[in-house]
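A.B. asks: Quick one: this structure, given as structure tokens, is what I'll be asking you about.
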Amino acid sequence: MTSTSTEAPIRVRIAPSPTGDPHVGTAYIGLLNYIYARQRSGKFILRIEDTDRTRFVSTSEQMIFDSLRWLGLNWDEGPDVGGPFGPYRQSERTEIYRKHAEILLTNGTAYRCFCTPEELESVRKQQIAAKLPPRYPGTCRHLSPEQLERYLAANKPYTIRLAVPPQGNDLTSSTTFRDELRGEITFEHNNVDDQVLLKSDGFPTYHLANVVDDHLMQITDVIRAEEWISSTPKHVLLYKAFGWQVPRFWHMPLLRNLDKSKISKRKNPVSLIYYRDSGYLPEAIINFLGLMGGGMPADINSGTEQFTLAEMVEHFVFANIRLGGPVFDLTKLKWLNGEYLRKLSPEDFFQAIRTRVFGDDYLRQISALMQTRIETLTQFGDLTGFFFSDHVVPTADTFLPKKHTLEETLTFAQDQLAVLEATDWTHEALERALKNLGEEKSWSVKENFMLLRAIISGSTASPPLLESMVIFGKARSLDRIRRFLDLQKKLASQKK
Ligand code: GLU
């Protein structure tokens, strides 16, 4: 296999899936791709990988565009700006993937699998019971031409799977690829499953769509998070099956919580929308992400750890990235954000408060809730303070319903969080989700809403709760509930 010629014009991409709020990890990988492209006069591409329809969230794509633009990570080609290799949204390219799966069927590197979901599930259960890693046992790999004919004639649904060697003339038993940060990585084929490439509904899986697109979009360098390393042997086998050149692979260290576990919303806000709506400055976030994992020389700007995106493009060295998981330390991000706030001129600072805390749209929506509820204009502040604060701490006599213990209440608040995480952020959807939960757990509507009102507003009296939560936004509302639960857990453990 030849590697990508060094003369090829550099083309890199990020390929987020629109499955919810845009993630800080997407911004981190986006930043690295952006820097890599700008350092090499290359192109930075945004591709939307939306083929997993079960996890698709319709508002997510626009949030990805908005938050990456807000950070200043502008792309040269993408669904909204176009470009010569479009469409850049995978759901608009299904015909391309189908045709490519056909190519692999024809050249014998893929095969049709007629196993039903029930059959696969039963094999999986047996393997798990026998403490074996769940793998497709290859049942359909060697169907006779007659069997195949019979299944096709009966219109039996099928998926298309990759035939991982040994197969036909290809008797190799492992795949090796080069990771630009780690050197050579080898995977024994014993550990590589016959991956589904095309599902029975005609939609591709991530693996097929990703490889076909990276090839057709002439991506020279795949710069992505290290969680994809285990997919890379499948991808390399696919490049080989098509007879294509492999791109260079760079797997970046995963961002970590303070306890070194993979960054998660349980321990850190991960939504870019949260950071935007909570008053972080994009320059601070970009600077903070640029500090993750090294890459920037330590002596830049007298070792202050403060630098701009343009300075990163000028000085960042990919070879200096450290593989130990960089810690996403919120305290440090807050400190950095404070530094950036102090760099603003008094007028710019005032404008930031005016637009980001007291923006016209936000105030207009809140004021629409207040007109029927106050007698003097200044009472506006009394009832709406929670919309403009970062920290709200309800006391136990505010949030604890008479009929429930502290433990029951915190369990219920945890349940509220879980259903709200999975809910569309509209009045109707919120109402339905909360009422269903209340019925299921035998909490009255009044107790249910009072608890949430206390958590969100810090008080027993607030403007209408659900309307307020819609205006306050999903990311910040969920964060408020998580912080409430964290604090209560901390208080409970101190009592023990
Ligand atoms: N769609 C994948 C994601 O959500 C892309 C991974 C890759 O860059 O290959 O991150």
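We name chains A, B, ... following the order of the structure tokens; residues begin at 1 in each chain, and ligands are numbered from 1 as shown.
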Would you name the residues within 6 Å of ligand 1, counting only C-alpha atoms and all ligand atoms, and put them as a list in words?
C.D. replies: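 I would give the residues around ligand 1 as Ile14, Ala15, Pro16, Ser17, Glu49 and Arg224 of chain A.
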A.B. asks: Could those residues be written to a file, using all heavy atoms, as a PDB file, in the first residue's frame?
C.D. replies:
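Written output follows (result.pdb):
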ATOM      1  N   ILE A  14     -13.588  17.613   9.767  1.00  0.00           N
ATOM      2  CA  ILE A  14     -14.230  17.037  10.942  1.00  0.00           C
ATOM      3  C   ILE A  14     -15.568  16.508  10.469  1.00  0.00           C
ATOM      4  O   ILE A  14     -16.148  17.009   9.498  1.00  0.00           O
ATOM      5  CB  ILE A  14     -14.419  18.004  12.125  1.00  0.00           C
ATOM      6  CG1 ILE A  14     -15.081  19.298  11.691  1.00  0.00           C
ATOM      7  CG2 ILE A  14     -13.112  18.242  12.842  1.00  0.00           C
ATOM      8  CD1 ILE A  14     -15.533  20.137  12.890  1.00  0.00           C
ATOM      9  N   ALA A  15     -16.041  15.476  11.168  1.00  0.00           N
ATOM     10  CA  ALA A  15     -17.228  14.773  10.672  1.00  0.00           C
ATOM     11  C   ALA A  15     -18.197  14.500  11.816  1.00  0.00           C
ATOM     12  O   ALA A  15     -18.476  13.356  12.142  1.00  0.00           O
ATOM     13  CB  ALA A  15     -16.782  13.472  10.007  1.00  0.00           C
ATOM     14  N   PRO A  16     -18.692  15.564  12.460  1.00  0.00           N
ATOM     15  CA  PRO A  16     -19.563  15.327  13.610  1.00  0.00           C
ATOM     16  C   PRO A  16     -20.898  14.698  13.222  1.00  0.00           C
ATOM     17  O   PRO A  16     -21.383  14.888  12.105  1.00  0.00           O
ATOM     18  CB  PRO A  16     -19.776  16.727  14.198  1.00  0.00           C
ATOM     19  CG  PRO A  16     -19.484  17.674  13.095  1.00  0.00           C
ATOM     20  CD  PRO A  16     -18.493  16.994  12.196  1.00  0.00           C
ATOM     21  N   SER A  17     -21.450  13.948  14.162  1.00  0.00           N
ATOM     22  CA  SER A  17     -22.781  13.377  13.970  1.00  0.00           C
ATOM     23  C   SER A  17     -23.775  14.245  14.732  1.00  0.00           C
ATOM     24  O   SER A  17     -23.540  14.563  15.900  1.00  0.00           O
ATOM     25  CB  SER A  17     -22.819  11.951  14.515  1.00  0.00           C
ATOM     26  OG  SER A  17     -21.900  11.166  13.807  1.00  0.00           O
ATOM     27  N   GLU A  49     -22.134  13.683   9.522  1.00  0.00           N
ATOM     28  CA  GLU A  49     -22.325  12.228   9.448  1.00  0.00           C
ATOM     29  C   GLU A  49     -23.645  11.872  10.132  1.00  0.00           C
ATOM     30  O   GLU A  49     -23.690  11.581  11.328  1.00  0.00           O
ATOM     31  CB  GLU A  49     -21.128  11.506  10.077  1.00  0.00           C
ATOM     32  CG  GLU A  49     -19.840  11.834   9.325  1.00  0.00           C
ATOM     33  CD  GLU A  49     -18.763  10.751   9.364  1.00  0.00           C
ATOM     34  OE1 GLU A  49     -18.697  10.011  10.346  1.00  0.00           O
ATOM     35  OE2 GLU A  49     -17.990  10.664   8.381  1.00  0.00           O
ATOM     36  N   ARG A 224      -8.484  12.764  14.211  1.00  0.00           N
ATOM     37  CA  ARG A 224      -9.696  12.521  14.999  1.00  0.00           C
ATOM     38  C   ARG A 224      -9.318  12.017  16.387  1.00  0.00           C
ATOM     39  O   ARG A 224      -8.152  11.809  16.683  1.00  0.00           O
ATOM     40  CB  ARG A 224     -10.598  11.516  14.274  1.00  0.00           C
ATOM     41  CG  ARG A 224      -9.969  10.166  14.085  1.00  0.00           C
ATOM     42  CD  ARG A 224     -10.888   9.253  13.276  1.00  0.00           C
ATOM     43  NE  ARG A 224     -10.196   8.054  12.846  1.00  0.00           N
ATOM     44  CZ  ARG A 224     -10.639   7.259  11.871  1.00  0.00           C
ATOM     45  NH1 ARG A 224     -11.759   7.523  11.228  1.00  0.00           N
ATOM     46  NH2 ARG A 224      -9.962   6.183  11.535  1.00  0.00           N
TER      47      ARG A 224
END
A.B. asks: From a DSSP calculation on the backbone, collect every residue of segment 246-315 of chain A in strand (DSSP E) and output the set as a list in words.
C.D. replies: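 Residues meeting the strand (DSSP E) criterion: Arg248, Phe249, Trp250, His251 and Met252 of chain A.
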A.B. asks: With N, CA and C atoms retained, could you export that selection as a compact mmCIF listing (two decimals), in the first residue's frame?
C.D. replies:
# COMPACT_ATOMS: atom_id res chain seq x y z
N ARG A 248 -3.16 9.75 5.91
CA ARG A 248 -2.41 9.71 7.18
C ARG A 248 -3.42 9.75 8.33
N PHE A 249 -3.12 9.02 9.39
CA PHE A 249 -4.01 9.03 10.56
C PHE A 249 -3.33 9.69 11.75
N TRP A 250 -4.06 10.58 12.40
CA TRP A 250 -3.59 11.21 13.64
C TRP A 250 -4.69 11.03 14.66
N HIS A 251 -4.42 10.25 15.70
CA HIS A 251 -5.46 10.07 16.73
C HIS A 251 -5.08 10.89 17.95
N MET A 252 -5.95 11.82 18.26
CA MET A 252 -5.66 12.81 19.30
C MET A 252 -6.12 12.30 20.67
A.B. asks: Counting only C-alpha atoms, which residue out of A:Trp443, A:His427, A:Gly82, A:Pro233 sits closest to Glu184 of chain A?
C.D. replies: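 So, comparing all the options, the nearest one is A:Pro233.
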A.B. asks: Mind checking which residues fall within 10 Å of Val313 of chain A, counting only C-alpha atoms, ignoring those fewer than 3 positions away in the same chain, and posting them as a PyMOL selection string?
C.D. replies: chain A and resi 31-32+34-40+296+308-310+316-317
A.B. asks: Give the answer as one residue: which of A:Tyr340, A:Tyr239, A:Phe318, A:Phe177 has the shortest atom-to-atom distance to Ile286 of chain A, using only C-alpha atoms?
C.D. replies: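 Of A:Tyr340, A:Tyr239, A:Phe318, A:Phe177, the one nearest Ile286 of chain A is A:Tyr340, counting only C-alpha atoms.
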A.B. asks: How many Å separate atom CA of Pro464 of chain A from atom CA of Leu272 of chain A?
C.D. replies: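 Atom CA of Pro464 of chain A sits 26.7 Å away from atom CA of Leu272 of chain A.
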A.B. asks: Please indicate the distance in Å from atom CA of Gly25 of chain A to atom CA of Asp194 of chain A, rounded to one decimal place.
C.D. replies: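 Taking atom CA of Gly25 of chain A as the start and atom CA of Asp194 of chain A as the end point, the length is 28.9 Å.
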A.B. asks: With distances taken over only C-alpha atoms, which residue among A:Ala368, A:Val392, A:Leu104, A:Ile185 lies nearest Leu197 of chain A?
C.D. replies: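 For Leu197 of chain A, the nearest of the candidates is A:Leu104.
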A.B. asks: Using only C-alpha atoms, which protein or nucleic acid residues come within 9 Å of segment 164-167 of chain A? Drop anything in the same chain fewer than 2 positions from it, and give the result as a count of residues only.
C.D. replies: 18
A.B. asks: Quick one, how far is atom CA of Arg480 of chain A from atom CA of Asp390 of chain A?
C.D. replies: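 According to the coordinates, atom CA of Arg480 of chain A and atom CA of Asp390 of chain A are separated by 8.7 Å.
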A.B. asks: Pull the alpha helix (DSSP H) assignments for segment 327-427 of chain A out of DSSP run on the backbone, and list those residues as a PyMOL selection string.
C.D. replies: chain A and resi 330-343+346-352+360-370+379-384+396-399+406-421+427
A.B. asks: Of the candidates A:Asp299, A:Asp259, A:Asp486, A:Glu467, which shows the shortest atom-to-atom distance to Val393 of chain A, using only C-alpha atoms?
C.D. replies: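 When distances to Val393 of chain A are compared using only C-alpha atoms, the smallest one comes from A:Asp486.
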A.B. asks: Just the residues within 12 Å of Glu431 of chain A, please, counting only C-alpha atoms, with nothing from its chain fewer than 6 positions along; format it as a PyMOL selection string.
C.D. replies: chain A and resi 416+419-420+423-425+437-438+445+448-449+464-467+469-470
A.B. asks: Keeping N, CA and C atoms, export the residues of the selection given above as a PDB file, in the first residue's frame.
C.D. replies:
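The result, written out as part29.pdb:
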ATOM      1  N   GLN A 416     -35.779  13.329  37.130  1.00  0.00           N
ATOM      2  CA  GLN A 416     -36.168  14.495  36.308  1.00  0.00           C
ATOM      3  C   GLN A 416     -35.043  14.826  35.326  1.00  0.00           C
ATOM      4  N   VAL A 419     -34.994  12.314  32.396  1.00  0.00           N
ATOM      5  CA  VAL A 419     -36.022  12.478  31.347  1.00  0.00           C
ATOM      6  C   VAL A 419     -35.806  13.790  30.588  1.00  0.00           C
ATOM      7  N   LEU A 420     -35.356  14.823  31.293  1.00  0.00           N
ATOM      8  CA  LEU A 420     -35.165  16.107  30.602  1.00  0.00           C
ATOM      9  C   LEU A 420     -34.006  16.028  29.601  1.00  0.00           C
ATOM     10  N   THR A 423     -35.357  14.905  26.334  1.00  0.00           N
ATOM     11  CA  THR A 423     -36.568  15.579  25.845  1.00  0.00           C
ATOM     12  C   THR A 423     -36.235  16.724  24.888  1.00  0.00           C
ATOM     13  N   ASP A 424     -37.074  16.875  23.869  1.00  0.00           N
ATOM     14  CA  ASP A 424     -36.994  18.088  23.036  1.00  0.00           C
ATOM     15  C   ASP A 424     -37.296  19.277  23.930  1.00  0.00           C
ATOM     16  N   TRP A 425     -36.660  20.396  23.662  1.00  0.00           N
ATOM     17  CA  TRP A 425     -36.821  21.529  24.572  1.00  0.00           C
ATOM     18  C   TRP A 425     -37.975  22.434  24.155  1.00  0.00           C
ATOM     19  N   LEU A 437     -43.382  11.181  34.086  1.00  0.00           N
ATOM     20  CA  LEU A 437     -42.484  10.757  35.163  1.00  0.00           C
ATOM     21  C   LEU A 437     -43.212  10.811  36.503  1.00  0.00           C
ATOM     22  N   GLY A 438     -43.923  11.921  36.732  1.00  0.00           N
ATOM     23  CA  GLY A 438     -44.657  12.083  37.995  1.00  0.00           C
ATOM     24  C   GLY A 438     -45.646  10.938  38.196  1.00  0.00           C
ATOM     25  N   VAL A 445     -48.326  16.535  40.469  1.00  0.00           N
ATOM     26  CA  VAL A 445     -47.829  17.563  39.552  1.00  0.00           C
ATOM     27  C   VAL A 445     -47.243  18.725  40.353  1.00  0.00           C
ATOM     28  N   ASN A 448     -43.856  17.783  41.911  1.00  0.00           N
ATOM     29  CA  ASN A 448     -42.934  17.603  40.792  1.00  0.00           C
ATOM     30  C   ASN A 448     -42.414  18.971  40.293  1.00  0.00           C
ATOM     31  N   PHE A 449     -43.365  19.872  40.033  1.00  0.00           N
ATOM     32  CA  PHE A 449     -42.975  21.171  39.476  1.00  0.00           C
ATOM     33  C   PHE A 449     -42.322  22.074  40.526  1.00  0.00           C
ATOM     34  N   PRO A 464     -43.794  31.350  35.101  1.00  0.00           N
ATOM     35  CA  PRO A 464     -44.172  29.972  34.769  1.00  0.00           C
ATOM     36  C   PRO A 464     -42.940  29.123  34.454  1.00  0.00           C
ATOM     37  N   LEU A 465     -42.881  27.962  35.098  1.00  0.00           N
ATOM     38  CA  LEU A 465     -41.650  27.176  35.088  1.00  0.00           C
ATOM     39  C   LEU A 465     -41.232  26.719  33.685  1.00  0.00           C
ATOM     40  N   LEU A 466     -42.151  26.089  32.966  1.00  0.00           N
ATOM     41  CA  LEU A 466     -41.726  25.486  31.702  1.00  0.00           C
ATOM     42  C   LEU A 466     -41.354  26.566  30.680  1.00  0.00           C
ATOM     43  N   GLU A 467     -42.151  27.635  30.634  1.00  0.00           N
ATOM     44  CA  GLU A 467     -41.793  28.755  29.734  1.00  0.00           C
ATOM     45  C   GLU A 467     -40.415  29.296  30.108  1.00  0.00           C
ATOM     46  N   MET A 469     -37.965  27.688  31.545  1.00  0.00           N
ATOM     47  CA  MET A 469     -36.909  26.740  31.173  1.00  0.00           C
ATOM     48  C   MET A 469     -36.641  26.762  29.674  1.00  0.00           C
ATOM     49  N   VAL A 470     -37.707  26.968  28.892  1.00  0.00           N
ATOM     50  CA  VAL A 470     -37.506  27.038  27.438  1.00  0.00           C
ATOM     51  C   VAL A 470     -36.611  28.239  27.111  1.00  0.00           C
TER      52      VAL A 470
END
A.B. asks: Find the spatial neighbours of Leu198 of chain A, counting only C-alpha atoms, within a cut-off of 10 Å - ignore same-chain residues fewer than 5 positions away - and output them as a PyMOL selection string.
C.D. replies: chain A and resi 94+97-98+100-102+112+158-162+203-209
A.B. asks: Would you save the residues from that selection as an mmCIF file, in the first residue's frame, using N, CA and C atoms?
C.D. replies:
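Output (part_11.cif):
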data_model
loop_
_atom_site.group_PDB
_atom_site.id
_atom_site.type_symbol
_atom_site.label_atom_id
_atom_site.label_comp_id
_atom_site.auth_asym_id
_atom_site.auth_seq_id
_atom_site.Cartn_x
_atom_site.Cartn_y
_atom_site.Cartn_z
ATOM 1 N N THR A 94 -26.599 8.562 0.063
ATOM 2 C CA THR A 94 -26.809 7.124 0.273
ATOM 3 C C THR A 94 -26.590 6.316 -1.013
ATOM 4 N N TYR A 97 -22.992 5.366 -1.406
ATOM 5 C CA TYR A 97 -22.530 4.267 -0.543
ATOM 6 C C TYR A 97 -23.037 2.926 -1.059
ATOM 7 N N ARG A 98 -24.289 2.930 -1.532
ATOM 8 C CA ARG A 98 -24.869 1.681 -2.044
ATOM 9 C C ARG A 98 -24.035 1.168 -3.216
ATOM 10 N N HIS A 100 -20.972 1.798 -3.837
ATOM 11 C CA HIS A 100 -19.650 1.341 -3.396
ATOM 12 C C HIS A 100 -19.717 -0.012 -2.697
ATOM 13 N N ALA A 101 -20.813 -0.263 -1.987
ATOM 14 C CA ALA A 101 -20.968 -1.587 -1.375
ATOM 15 C C ALA A 101 -21.062 -2.648 -2.466
ATOM 16 N N GLU A 102 -21.731 -2.292 -3.567
ATOM 17 C CA GLU A 102 -21.846 -3.223 -4.708
ATOM 18 C C GLU A 102 -20.466 -3.571 -5.265
ATOM 19 N N ARG A 112 -23.108 -10.699 1.394
ATOM 20 C CA ARG A 112 -24.449 -10.437 1.932
ATOM 21 C C ARG A 112 -24.686 -11.328 3.136
ATOM 22 N N TYR A 158 -31.231 -8.277 3.741
ATOM 23 C CA TYR A 158 -29.827 -8.583 4.056
ATOM 24 C C TYR A 158 -29.026 -7.317 4.347
ATOM 25 N N THR A 159 -27.931 -7.527 5.076
ATOM 26 C CA THR A 159 -26.949 -6.459 5.248
ATOM 27 C C THR A 159 -25.735 -6.845 4.401
ATOM 28 N N ILE A 160 -24.830 -5.900 4.201
ATOM 29 C CA ILE A 160 -23.578 -6.250 3.509
ATOM 30 C C ILE A 160 -22.452 -6.104 4.525
ATOM 31 N N ARG A 161 -21.645 -7.165 4.620
ATOM 32 C CA ARG A 161 -20.558 -7.180 5.604
ATOM 33 C C ARG A 161 -19.198 -7.223 4.930
ATOM 34 N N LEU A 162 -18.230 -6.649 5.628
ATOM 35 C CA LEU A 162 -16.844 -6.710 5.184
ATOM 36 C C LEU A 162 -16.302 -8.120 5.456
ATOM 37 N N PHE A 203 -29.089 2.068 4.414
ATOM 38 C CA PHE A 203 -28.204 3.106 4.973
ATOM 39 C C PHE A 203 -26.839 2.504 5.298
ATOM 40 N N PRO A 204 -25.770 3.270 5.068
ATOM 41 C CA PRO A 204 -24.444 2.745 5.371
ATOM 42 C C PRO A 204 -24.187 2.821 6.870
ATOM 43 N N THR A 205 -23.216 2.063 7.361
ATOM 44 C CA THR A 205 -22.738 2.290 8.714
ATOM 45 C C THR A 205 -21.658 3.370 8.644
ATOM 46 N N TYR A 206 -21.270 3.830 9.817
ATOM 47 C CA TYR A 206 -20.220 4.845 9.923
ATOM 48 C C TYR A 206 -18.990 4.461 9.096
ATOM 49 N N HIS A 207 -18.577 3.185 9.218
ATOM 50 C CA HIS A 207 -17.301 2.771 8.619
ATOM 51 C C HIS A 207 -17.295 2.952 7.101
ATOM 52 N N LEU A 208 -18.334 2.437 6.446
ATOM 53 C CA LEU A 208 -18.353 2.534 4.981
ATOM 54 C C LEU A 208 -18.441 3.997 4.549
ATOM 55 N N ALA A 209 -19.396 4.724 5.134
ATOM 56 C CA ALA A 209 -19.628 6.102 4.695
ATOM 57 C C ALA A 209 -18.375 6.953 4.933
#
A.B. asks: Counting only C-alpha atoms, figure out which residue out of A:Ala130, A:Ala396, A:Leu330, A:Leu254 gets nearest to Ser459 of chain A.
C.D. replies: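 For Ser459 of chain A, the nearest of the given residues is A:Ala396.
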A.B. asks: Check the smallest atom-to-atom distance from each of A:Leu120, A:Ala433, A:Leu417, A:Leu451 to Pro401 of chain A using only C-alpha atoms, then report the winner.
C.D. replies: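 Checking each of A:Leu120, A:Ala433, A:Leu417, A:Leu451 against Pro401 of chain A, counting only C-alpha atoms, the winner is A:Leu451.
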